[in-house]
$ cat run.txt   # compact mmCIF, C-alpha atoms
# COMPACT_ATOMS: atom_id res chain seq x y z
CA MET A 1 0.00 0.00 0.00
CA PRO A 2 1.52 3.35 -0.97
CA ASP A 3 1.86 6.06 1.65
CA LEU A 4 -1.72 7.27 1.37
CA ARG A 5 -3.86 8.73 4.13
CA LYS A 6 -7.04 6.85 4.99
CA GLU A 7 -9.14 9.91 4.09
CA SER A 8 -7.61 10.04 0.59
CA LEU A 9 -8.31 6.34 0.06
CA GLU A 10 -11.93 6.88 1.14
CA LYS A 11 -12.27 9.61 -1.51
CA ILE A 12 -10.84 7.32 -4.20
CA VAL A 13 -13.20 4.51 -3.22
CA GLY A 14 -16.10 6.99 -3.34
CA CYS A 15 -15.11 8.08 -6.85
CA VAL A 16 -15.59 4.54 -8.18
CA GLY A 17 -19.09 4.41 -6.73
CA MET A 18 -18.55 2.27 -3.65
CA THR A 19 -20.47 3.41 -0.60
CA GLY A 20 -21.64 2.17 2.78
CA SER A 21 -20.26 -0.83 4.60
CA ALA A 22 -18.63 -2.29 1.46
CA ALA A 23 -16.52 0.85 1.07
CA GLU A 24 -15.72 0.94 4.80
CA ASN A 25 -14.66 -2.72 4.79
CA LEU A 26 -12.45 -2.20 1.75
CA VAL A 27 -10.70 0.85 3.24
CA GLU A 28 -10.29 -0.82 6.64
CA GLY A 29 -8.82 -3.93 5.02
CA MET A 30 -6.37 -1.92 2.94
CA THR A 31 -5.17 0.24 5.84
CA ALA A 32 -5.13 -2.37 8.62
CA VAL A 33 -1.83 -3.28 10.23
CA PRO A 34 -1.01 -6.95 9.63
CA PRO A 35 -1.51 -9.06 12.78
CA GLN A 36 2.09 -10.16 13.14
CA ASN A 37 5.09 -8.61 14.77
CA THR A 38 8.15 -9.31 16.84
CA GLY A 39 6.35 -8.40 20.02
CA TYR A 40 4.22 -10.25 22.50
CA PRO A 41 1.59 -12.55 20.97
CA SER A 42 -2.04 -12.17 22.04
CA ASP A 43 -5.50 -13.31 21.02
CA LEU A 44 -5.39 -10.77 18.17
CA VAL A 45 -1.69 -10.69 17.27
CA VAL A 46 0.49 -13.47 15.92
CA SER A 47 4.16 -13.01 16.66
CA SER A 48 6.74 -13.79 14.03
CA TYR A 49 9.39 -13.95 16.78
CA TYR A 50 7.73 -16.12 19.46
CA LEU A 51 6.71 -19.38 17.80
CA GLY A 52 4.98 -22.51 19.02
CA ASP A 53 2.94 -22.71 22.20
CA ARG A 54 1.76 -19.47 23.82
CA ILE A 55 4.57 -17.81 25.78
CA THR A 56 3.97 -15.71 28.87
CA ARG A 57 5.59 -12.40 29.71
CA THR A 58 7.43 -14.09 32.60
CA GLU A 59 8.78 -16.73 30.24
CA ILE A 60 9.92 -14.02 27.83
CA LYS A 61 11.93 -12.45 30.66
CA GLU A 62 13.43 -15.85 31.47
CA VAL A 63 14.39 -16.38 27.82
CA GLN A 64 15.93 -12.90 27.66
CA LEU A 65 17.95 -13.55 30.82
CA TYR A 66 19.17 -16.91 29.50
CA MET A 67 20.19 -15.36 26.17
CA GLN A 68 22.00 -12.56 27.97
CA GLU A 69 23.86 -15.04 30.19
CA GLN A 70 24.85 -17.08 27.11
CA GLY A 71 25.97 -14.00 25.17
CA VAL A 72 23.31 -14.50 22.49
CA GLU A 73 22.06 -11.25 20.98
CA PRO A 74 18.36 -11.22 20.02
CA GLU A 75 19.10 -10.09 16.46
CA ASN A 76 18.80 -12.96 13.98
CA THR A 77 17.07 -15.20 16.50
CA ARG A 78 13.56 -16.44 17.15
CA VAL A 79 12.15 -18.37 20.11
CA ARG A 80 10.01 -21.49 19.85
CA LYS A 81 8.22 -22.81 22.92
CA THR A 82 7.14 -26.44 23.06
CA ILE A 83 5.74 -28.53 25.88
CA HIS A 84 7.34 -31.93 26.49
CA ASN A 85 6.06 -34.14 29.31
CA GLY A 86 4.39 -31.11 30.86
CA ASN A 87 7.59 -29.03 30.85
CA ALA A 88 8.31 -25.99 28.71
CA ILE A 89 11.30 -26.14 26.38
CA PHE A 90 12.51 -22.97 24.70
CA ASP A 91 14.46 -23.37 21.47
CA ILE A 92 16.58 -20.35 20.61
CA LEU A 93 16.57 -20.49 16.81
CA GLN A 94 19.64 -18.76 15.38
CA ALA A 95 19.72 -17.70 11.73
CA SER A 96 22.74 -19.42 10.22
CA THR A 97 23.94 -21.38 7.20
CA GLN A 98 25.32 -23.94 9.65
CA THR A 99 22.97 -26.39 11.34
CA GLY A 100 23.03 -28.13 14.67
CA SER A 101 21.62 -27.96 18.13
CA GLY A 102 23.21 -27.68 21.50
CA LYS A 103 22.47 -29.66 24.62
CA LEU A 104 19.25 -29.09 26.47
CA THR A 105 20.22 -26.81 29.35
CA THR A 106 18.18 -26.44 32.51
CA ALA A 107 18.34 -23.00 34.08
CA THR A 108 17.84 -23.91 37.71
CA GLN A 109 18.30 -20.34 38.92
CA LEU A 110 15.25 -19.42 36.83
CA GLY A 111 12.94 -22.04 38.28
CA GLY A 112 13.82 -24.79 35.87
CA PRO A 113 12.91 -23.80 32.31
CA ARG A 114 14.90 -25.69 29.72
CA PHE A 115 16.66 -24.10 26.78
CA ARG A 116 18.31 -25.33 23.62
CA ARG A 117 20.25 -23.28 21.05
CA MET A 118 19.60 -24.37 17.47
CA LYS A 119 21.54 -23.11 14.45
CA GLY A 120 20.20 -23.17 10.92
CA ASP A 121 17.03 -21.06 11.14
CA HIS A 122 16.44 -19.55 7.67
CA GLN A 123 19.31 -21.67 6.34
CA ASP A 124 17.97 -21.84 2.77
CA GLU A 125 17.40 -18.10 2.53
CA ILE A 126 20.81 -17.23 3.97
CA SER A 127 22.57 -19.75 1.71
CA THR A 128 20.86 -18.21 -1.33
CA ILE A 129 21.88 -14.70 -0.29
CA SER A 130 25.45 -15.76 0.51
CA ALA A 131 25.83 -17.46 -2.87
CA GLN A 132 24.99 -14.33 -4.81
$ encode --input "run.txt" --output "structure tokens"
Amino acid sequence: MPDLRKESLEKIVGCVGMTGSAAENLVEGMTAVPPQNTGYPSDLVVSSYYLGDRITRTEIKEVQLYMQEQGVEPENTRVRKTIHNGNAIFDILQASTQTGSGKLTTATQLGGPRFRRMKGDHQDEISTISAQ
């Protein structure tokens, strides 16, 4: 969508004869912000950073602390939460052409969440870019 104010789009839609709820729905659909971001997921927003099972704000803080302790910067990473035998496991997915996963680490000082660093996220895309 080009940088166009909502009011201008409404005028354009009116010029082609659309009115009422059809015009409103069209304009709203064209100007709506996509429901995905790197922030906290909710009932209305899908996160492109926090994948898998629903993550809580407390768990996000635990993941951030773990990454900080491990020296992992959040750039070029994503986090996937899964539940295994009733326990949360957080995979730190690192964008890389290399693949592999580290050992499952339990962070006892954080109440026991388990973490695993996994290389190779977006491997195909990065390999294509690197080859050019």
$ residues_around --input "run.txt" --residues "A:Leu26" --least-positions-apart "3" --cutoff "12 Å" --atoms "all atoms listed in the file" --output "ChimeraX atom specification"
/A:6,9-10,12-14,18-23,29-32
$ closest_residue --input "run.txt" --among "A:Asp53, A:Asp91, A:Asp121, A:Glu28" --to "A:Met67" --atoms "all atoms listed in the file"
A:Asp91
$ residues_around --input "run.txt" --residues "A:Gly86" --least-positions-apart "3" --cutoff "12 Å" --atoms "only C-alpha atoms" --output "MDAnalysis selection string"
chainID A and resid 82:83 89 113:114
$ write_last_selection --input "run.txt" --atoms "C-alpha atoms" --output "CSV table (one decimal), keeping the file's coordinate frame"
chain,number,residue,atom,x,y,z
A,82,THR,CA,7.1,-26.4,23.1
A,83,ILE,CA,5.7,-28.5,25.9
A,89,ILE,CA,11.3,-26.1,26.4
A,113,PRO,CA,12.9,-23.8,32.3
A,114,ARG,CA,14.9,-25.7,29.7
$ residues_around --input "run.txt" --residues "A:Val63" --least-positions-apart "5" --cutoff "10 Å" --atoms "all atoms listed in the file" --output "PDB file with C-alpha atoms, in the frame of the given file"
ATOM      1  CA  ARG A  57       5.590 -12.400  29.710  1.00  0.00           C
ATOM      2  CA  THR A  58       7.430 -14.090  32.600  1.00  0.00           C
ATOM      3  CA  GLN A  68      22.000 -12.560  27.970  1.00  0.00           C
ATOM      4  CA  GLU A  69      23.860 -15.040  30.190  1.00  0.00           C
ATOM      5  CA  VAL A  79      12.150 -18.370  20.110  1.00  0.00           C
ATOM      6  CA  PHE A  90      12.510 -22.970  24.700  1.00  0.00           C
ATOM      7  CA  ASP A  91      14.460 -23.370  21.470  1.00  0.00           C
ATOM      8  CA  ILE A  92      16.580 -20.350  20.610  1.00  0.00           C
ATOM      9  CA  ALA A 107      18.340 -23.000  34.080  1.00  0.00           C
ATOM     10  CA  LEU A 110      15.250 -19.420  36.830  1.00  0.00           C
ATOM     11  CA  PRO A 113      12.910 -23.800  32.310  1.00  0.00           C
ATOM     12  CA  ARG A 114      14.900 -25.690  29.720  1.00  0.00           C
ATOM     13  CA  PHE A 115      16.660 -24.100  26.780  1.00  0.00           C
TER      14      PHE A 115
END
$ residues_around --input "run.txt" --residues "A:Gly120" --least-positions-apart "2" --cutoff "8 Å" --atoms "all atoms listed in the file" --output "VMD selection string"
chain A and resid 93 to 100 118 122 to 123
$ atom_distance --input "run.txt" --atom1 "atom CA of A:Tyr49" --atom2 "atom CA of A:Arg78"
4.9 Å
$ axis_aligned_box --input "run.txt" --around "stretch 66-83 of chain A" --padding-each-side "3 Å" --output "lines of an AutoDock Vina configuration file"
center_x = 15.9
center_y = -19.3
center_z = 22.1
size_x = 26.2
size_y = 24.4
size_z = 22.2
$ atom_distance --input "run.txt" --atom1 "atom CA of A:Tyr66" --atom2 "atom CA of A:Arg117"
10.6 Å
$ atom_distance --input "run.txt" --atom1 "atom CA of A:Gln70" --atom2 "atom CA of A:Tyr50"
18.8 Å
$ closest_residue --input "run.txt" --among "A:Asn25, A:Ser42, A:Asn85, A:Thr105" --to "A:Ile55" --atoms "all atoms listed in the file"
A:Ser42
$ decode --input "run.txt" --residues "stretch 1-90 of chain A" --atoms "C-alpha atoms" --output "mmCIF file, in the first residue's frame"
data_model
loop_
_atom_site.group_PDB
_atom_site.id
_atom_site.type_symbol
_atom_site.label_atom_id
_atom_site.label_comp_id
_atom_site.auth_asym_id
_atom_site.auth_seq_id
_atom_site.Cartn_x
_atom_site.Cartn_y
_atom_site.Cartn_z
ATOM 1 C CA MET A 1 0.000 0.000 0.000
ATOM 2 C CA PRO A 2 1.524 3.347 -0.974
ATOM 3 C CA ASP A 3 1.856 6.056 1.647
ATOM 4 C CA LEU A 4 -1.715 7.271 1.374
ATOM 5 C CA ARG A 5 -3.855 8.725 4.127
ATOM 6 C CA LYS A 6 -7.038 6.854 4.986
ATOM 7 C CA GLU A 7 -9.141 9.912 4.086
ATOM 8 C CA SER A 8 -7.612 10.041 0.593
ATOM 9 C CA LEU A 9 -8.309 6.345 0.060
ATOM 10 C CA GLU A 10 -11.926 6.878 1.143
ATOM 11 C CA LYS A 11 -12.268 9.611 -1.515
ATOM 12 C CA ILE A 12 -10.837 7.324 -4.197
ATOM 13 C CA VAL A 13 -13.200 4.506 -3.222
ATOM 14 C CA GLY A 14 -16.096 6.986 -3.336
ATOM 15 C CA CYS A 15 -15.111 8.077 -6.854
ATOM 16 C CA VAL A 16 -15.589 4.544 -8.178
ATOM 17 C CA GLY A 17 -19.094 4.415 -6.732
ATOM 18 C CA MET A 18 -18.546 2.268 -3.648
ATOM 19 C CA THR A 19 -20.472 3.406 -0.597
ATOM 20 C CA GLY A 20 -21.645 2.168 2.781
ATOM 21 C CA SER A 21 -20.263 -0.834 4.602
ATOM 22 C CA ALA A 22 -18.627 -2.290 1.463
ATOM 23 C CA ALA A 23 -16.518 0.851 1.073
ATOM 24 C CA GLU A 24 -15.718 0.940 4.799
ATOM 25 C CA ASN A 25 -14.660 -2.722 4.794
ATOM 26 C CA LEU A 26 -12.447 -2.196 1.753
ATOM 27 C CA VAL A 27 -10.702 0.847 3.237
ATOM 28 C CA GLU A 28 -10.288 -0.822 6.640
ATOM 29 C CA GLY A 29 -8.821 -3.932 5.015
ATOM 30 C CA MET A 30 -6.374 -1.922 2.939
ATOM 31 C CA THR A 31 -5.170 0.236 5.836
ATOM 32 C CA ALA A 32 -5.134 -2.373 8.621
ATOM 33 C CA VAL A 33 -1.834 -3.281 10.233
ATOM 34 C CA PRO A 34 -1.009 -6.953 9.630
ATOM 35 C CA PRO A 35 -1.506 -9.064 12.782
ATOM 36 C CA GLN A 36 2.093 -10.161 13.140
ATOM 37 C CA ASN A 37 5.090 -8.607 14.766
ATOM 38 C CA THR A 38 8.147 -9.313 16.844
ATOM 39 C CA GLY A 39 6.345 -8.397 20.022
ATOM 40 C CA TYR A 40 4.218 -10.248 22.505
ATOM 41 C CA PRO A 41 1.591 -12.552 20.971
ATOM 42 C CA SER A 42 -2.036 -12.165 22.042
ATOM 43 C CA ASP A 43 -5.495 -13.306 21.016
ATOM 44 C CA LEU A 44 -5.392 -10.766 18.171
ATOM 45 C CA VAL A 45 -1.691 -10.687 17.273
ATOM 46 C CA VAL A 46 0.486 -13.468 15.917
ATOM 47 C CA SER A 47 4.155 -13.010 16.657
ATOM 48 C CA SER A 48 6.744 -13.795 14.031
ATOM 49 C CA TYR A 49 9.386 -13.954 16.783
ATOM 50 C CA TYR A 50 7.728 -16.121 19.463
ATOM 51 C CA LEU A 51 6.711 -19.377 17.801
ATOM 52 C CA GLY A 52 4.980 -22.514 19.021
ATOM 53 C CA ASP A 53 2.941 -22.711 22.203
ATOM 54 C CA ARG A 54 1.764 -19.467 23.817
ATOM 55 C CA ILE A 55 4.573 -17.814 25.779
ATOM 56 C CA THR A 56 3.966 -15.706 28.871
ATOM 57 C CA ARG A 57 5.587 -12.403 29.708
ATOM 58 C CA THR A 58 7.426 -14.086 32.602
ATOM 59 C CA GLU A 59 8.782 -16.735 30.238
ATOM 60 C CA ILE A 60 9.917 -14.020 27.827
ATOM 61 C CA LYS A 61 11.931 -12.448 30.655
ATOM 62 C CA GLU A 62 13.433 -15.854 31.467
ATOM 63 C CA VAL A 63 14.394 -16.380 27.824
ATOM 64 C CA GLN A 64 15.934 -12.901 27.656
ATOM 65 C CA LEU A 65 17.951 -13.548 30.818
ATOM 66 C CA TYR A 66 19.173 -16.906 29.495
ATOM 67 C CA MET A 67 20.192 -15.362 26.171
ATOM 68 C CA GLN A 68 22.002 -12.556 27.972
ATOM 69 C CA GLU A 69 23.860 -15.041 30.195
ATOM 70 C CA GLN A 70 24.849 -17.078 27.112
ATOM 71 C CA GLY A 71 25.968 -14.000 25.168
ATOM 72 C CA VAL A 72 23.308 -14.504 22.490
ATOM 73 C CA GLU A 73 22.058 -11.252 20.978
ATOM 74 C CA PRO A 74 18.357 -11.217 20.020
ATOM 75 C CA GLU A 75 19.096 -10.094 16.458
ATOM 76 C CA ASN A 76 18.799 -12.958 13.985
ATOM 77 C CA THR A 77 17.066 -15.203 16.497
ATOM 78 C CA ARG A 78 13.555 -16.440 17.155
ATOM 79 C CA VAL A 79 12.150 -18.367 20.107
ATOM 80 C CA ARG A 80 10.007 -21.490 19.851
ATOM 81 C CA LYS A 81 8.216 -22.805 22.917
ATOM 82 C CA THR A 82 7.139 -26.435 23.064
ATOM 83 C CA ILE A 83 5.740 -28.525 25.880
ATOM 84 C CA HIS A 84 7.340 -31.925 26.488
ATOM 85 C CA ASN A 85 6.057 -34.140 29.314
ATOM 86 C CA GLY A 86 4.389 -31.110 30.863
ATOM 87 C CA ASN A 87 7.586 -29.033 30.852
ATOM 88 C CA ALA A 88 8.311 -25.989 28.713
ATOM 89 C CA ILE A 89 11.297 -26.142 26.379
ATOM 90 C CA PHE A 90 12.512 -22.970 24.699
#
